[in-house]
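Engineer: One structure, as structure tokens, below. Some questions next.
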Amino acid sequence: MVNPPAVPEKDGGQPDGARPEEGRADDAAAAPRAARSPKAAGSGRTFAAVTSGLAALVLGATVVSVPVPYVVESPGPAYNTLGQTGGKDVISISGHPSYPASGSLDLTTVYVNGGPNSDVGLIDLARSWFDHSQGILPQRVVYPPGTTRQQVSDENASLMQDSEQTSVAAALGALGIQYDQQLNVASIADGSPSSGKLKVGDRLVSVGGQKATSLAVVQQTLAAGKGAPVEVVVDRGERRRRPR
């Protein structure tokens with residue numbers, strides 16, 4: 001038998017002309033990439049989860065900070081009307097003898113959070129719900145739609161002036177001194193039923209057929225009408241008229 005001639009081998013132990021197994025080399029090169037892929041995918045999922053969590057937190061903070069159409073009434077500071085503020089007497093009397101007073105006569109106030117001056121958020125509303133010293137009211141009950149910050153300031157000034165006049169009336173009544181009182185329109189909220197009909201400075205003569213002798217009479221007459229229109233007679237300058 002004749003044996004086939006031996007094929008000489010080159011360095012590396014492979015026969016001359018033999019081609020390396022490219023498939024294995026490619027698999028070996030691809031293996032590290034395949035091994036890294038799960039880590040990369042995991043990192044992507046982690047980043048997406050963190051991003052979603054932050055978005056939820058931001059959304060939650062946004063929802064909490066959204067103003068709600070309510071106002072919160074809470075006790076405000078009390079002022080001693082027999083004392084001083086800013087170095088001046090709260091009550092000063094001129095033209096009549098006055099005498100020093102002892103003790104205190106406190107003026108209580110109510111702080112209103114919400115409306116044109118400030119916003120009430122969900123957290124504020126929830127906190128006030130469990131605080132029995134605070135009251136929650138719909139904003140439209142306290143401030144008619146369209147009320148501006150300036151109108152609120154004007155109304156507060158008017159209420160303070162009315163309180164001062166009421167105090168004077170009480171003092172005059174205690175001293176037996178006769179006096180007259182009149183009701184004037186101090187401000188009108190935009191969009192209210194009186195807008196365009198009454199004017200600032202109008203003096204109320206009668207409301208719903210009742211003489212406007214006091215604010216209580218006007219309030220009782222309007223409450224009895226349960227929201228129905230009433231006839232109002234005013235003095236405007238030198239003329240008495242019925243606003244239309």
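Numbering starts fresh at 1 for the residues of each chain in the structure tokens, the chains themselves are lettered A, B, ... in the order given, and ligands are numbered from 1 as they appear.
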If we count only C-alpha atoms, what is near Ser158 of chain A at a cut-off of 10 Å, once residues fewer than 6 positions away on the same chain are taken out, given as a VMD selection string?

Structural biologist: chain A and resid 152 164 185 to 187

Engineer: Write to file, as a PDB file, in the first residue's frame, the residues of the selection just made, with C-alpha atoms.

Structural biologist:
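again-v5.pdb, freshly written:
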```pdb
ATOM      1  CA  VAL A 152     -61.182  94.198  48.308  1.00  0.00           C
ATOM      2  CA  GLU A 164     -65.755 103.647  63.444  1.00  0.00           C
ATOM      3  CA  VAL A 185     -72.431 103.231  48.307  1.00  0.00           C
ATOM      4  CA  ALA A 186     -68.707 102.784  48.924  1.00  0.00           C
ATOM      5  CA  SER A 187     -67.813 100.351  46.103  1.00  0.00           C
TER       6      SER A 187
END
```

Engineer: Using only C-alpha atoms, can you tell me which of A:Val68, A:Ala189, A:Ala223, A:Val205 comes closest to Ser118 of chain A?

Structural biologist: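 Of A:Val68, A:Ala189, A:Ala223, A:Val205, the one nearest Ser118 of chain A is A:Val68, counting only C-alpha atoms.
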
Engineer: Could you tell me how far atom CA of Leu137 of chain A lies from atom CA of Val66 of chain A, in Å and to one decimal?

Structural biologist: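 Pair atom CA of Leu137 of chain A / atom CA of Val66 of chain A returns 17.4 Å.
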
Engineer: Of the residues A:Gln165, A:Gln150, A:Gln219, A:Ser74, which is the one nearest to Gly114 of chain A, using only C-alpha atoms?

Structural biologist: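 Closest candidate: A:Ser74.
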
Engineer: When distances are computed from only C-alpha atoms, which of A:Arg236, A:Ser192, A:Glu231, A:Val168 shows the smallest separation from Ser92 of chain A?

Structural biologist: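 Closest to Ser92 of chain A, using only C-alpha atoms: A:Val168.
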
Engineer: I need the residues in segment 136-222 of chain A that are helix (DSSP H, G or I) according to DSSP; give them as a PyMOL selection string.

Structural biologist: chain A and resi 139-142+149-174+215-222

Engineer: Could you turn the residues from that selection into a file that holds N, CA and C atoms, as a CSV table (one decimal), in the first residue's frame?

Structural biologist:
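File produced: again21.csv:
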```csv
chain,number,residue,atom,x,y,z
A,139,GLN,N,-65.4,80.5,47.4
A,139,GLN,CA,-64.8,81.8,47.1
A,139,GLN,C,-65.9,82.7,46.6
A,140,ARG,N,-66.9,82.2,45.8
A,140,ARG,CA,-67.9,83.1,45.3
A,140,ARG,C,-68.8,83.6,46.4
A,141,VAL,N,-68.9,83.0,47.5
A,141,VAL,CA,-69.7,83.5,48.6
A,141,VAL,C,-69.1,84.7,49.2
A,142,VAL,N,-67.8,84.8,49.3
A,142,VAL,CA,-67.1,85.9,50.0
A,142,VAL,C,-66.8,87.0,48.9
A,149,ARG,N,-58.3,92.9,43.6
A,149,ARG,CA,-57.6,93.2,44.8
A,149,ARG,C,-57.8,94.6,45.3
A,150,GLN,N,-57.9,95.6,44.4
A,150,GLN,CA,-58.2,96.9,44.8
A,150,GLN,C,-59.6,97.1,45.4
A,151,GLN,N,-60.5,96.4,44.8
A,151,GLN,CA,-61.9,96.4,45.3
A,151,GLN,C,-62.0,95.9,46.7
A,152,VAL,N,-61.2,94.8,47.0
A,152,VAL,CA,-61.2,94.2,48.3
A,152,VAL,C,-60.6,95.2,49.3
A,153,SER,N,-59.5,95.9,48.9
A,153,SER,CA,-58.9,96.9,49.8
A,153,SER,C,-59.8,98.0,50.1
A,154,ASP,N,-60.6,98.5,49.0
A,154,ASP,CA,-61.5,99.6,49.2
A,154,ASP,C,-62.7,99.1,50.2
A,155,GLU,N,-63.1,97.9,50.0
A,155,GLU,CA,-64.2,97.4,50.8
A,155,GLU,C,-63.8,97.3,52.3
A,156,ASN,N,-62.5,96.8,52.5
A,156,ASN,CA,-62.0,96.7,53.9
A,156,ASN,C,-61.9,98.1,54.5
A,157,ALA,N,-61.4,99.0,53.8
A,157,ALA,CA,-61.4,100.4,54.3
A,157,ALA,C,-62.7,100.9,54.6
A,158,SER,N,-63.7,100.6,53.8
A,158,SER,CA,-65.1,101.1,54.0
A,158,SER,C,-65.7,100.4,55.2
A,159,LEU,N,-65.4,99.1,55.4
A,159,LEU,CA,-65.9,98.4,56.6
A,159,LEU,C,-65.3,99.0,57.9
A,160,MET,N,-64.0,99.3,57.8
A,160,MET,CA,-63.4,99.9,59.0
A,160,MET,C,-64.0,101.3,59.3
A,161,GLN,N,-64.2,102.0,58.3
A,161,GLN,CA,-64.8,103.3,58.5
A,161,GLN,C,-66.2,103.2,59.0
A,162,ASP,N,-67.0,102.2,58.6
A,162,ASP,CA,-68.3,101.9,59.0
A,162,ASP,C,-68.3,101.5,60.5
A,163,SER,N,-67.2,100.7,60.9
A,163,SER,CA,-67.1,100.3,62.3
A,163,SER,C,-66.9,101.5,63.2
A,164,GLU,N,-66.0,102.4,62.7
A,164,GLU,CA,-65.8,103.6,63.4
A,164,GLU,C,-67.0,104.5,63.6
A,165,GLN,N,-67.8,104.6,62.5
A,165,GLN,CA,-69.0,105.4,62.6
A,165,GLN,C,-70.0,104.7,63.6
A,166,THR,N,-70.1,103.4,63.6
A,166,THR,CA,-71.0,102.6,64.5
A,166,THR,C,-70.6,102.9,65.9
A,167,SER,N,-69.3,102.9,66.2
A,167,SER,CA,-68.8,103.2,67.5
A,167,SER,C,-69.2,104.6,68.0
A,168,VAL,N,-69.1,105.6,67.1
A,168,VAL,CA,-69.5,106.9,67.4
A,168,VAL,C,-71.0,107.0,67.7
A,169,ALA,N,-71.8,106.2,66.9
A,169,ALA,CA,-73.2,106.2,67.1
A,169,ALA,C,-73.5,105.6,68.4
A,170,ALA,N,-72.8,104.5,68.8
A,170,ALA,CA,-73.1,103.9,70.1
A,170,ALA,C,-72.7,104.8,71.2
A,171,ALA,N,-71.6,105.6,71.1
A,171,ALA,CA,-71.3,106.5,72.2
A,171,ALA,C,-72.3,107.7,72.3
A,172,LEU,N,-72.8,108.2,71.1
A,172,LEU,CA,-73.8,109.2,71.1
A,172,LEU,C,-75.1,108.7,71.8
A,173,GLY,N,-75.4,107.5,71.4
A,173,GLY,CA,-76.7,107.0,72.0
A,173,GLY,C,-76.5,106.8,73.5
A,174,ALA,N,-75.4,106.4,74.0
A,174,ALA,CA,-75.2,106.2,75.4
A,174,ALA,C,-75.2,107.6,76.2
A,215,LEU,N,-78.0,99.6,58.1
A,215,LEU,CA,-77.5,98.5,57.2
A,215,LEU,C,-78.3,97.3,57.5
A,216,ALA,N,-78.7,97.1,58.8
A,216,ALA,CA,-79.4,95.9,59.1
A,216,ALA,C,-80.8,95.8,58.3
A,217,VAL,N,-81.4,97.0,58.2
A,217,VAL,CA,-82.7,97.0,57.4
A,217,VAL,C,-82.4,96.6,56.0
A,218,VAL,N,-81.4,97.1,55.4
A,218,VAL,CA,-81.0,96.7,54.0
A,218,VAL,C,-80.8,95.3,53.9
A,219,GLN,N,-80.0,94.7,54.8
A,219,GLN,CA,-79.6,93.3,54.7
A,219,GLN,C,-80.9,92.4,54.9
A,220,GLN,N,-81.7,92.8,55.8
A,220,GLN,CA,-82.9,92.0,56.1
A,220,GLN,C,-83.9,92.0,54.9
A,221,THR,N,-84.0,93.2,54.2
A,221,THR,CA,-84.9,93.3,53.1
A,221,THR,C,-84.4,92.5,51.9
A,222,LEU,N,-83.0,92.5,51.7
A,222,LEU,CA,-82.5,91.8,50.6
A,222,LEU,C,-82.6,90.3,50.9
```
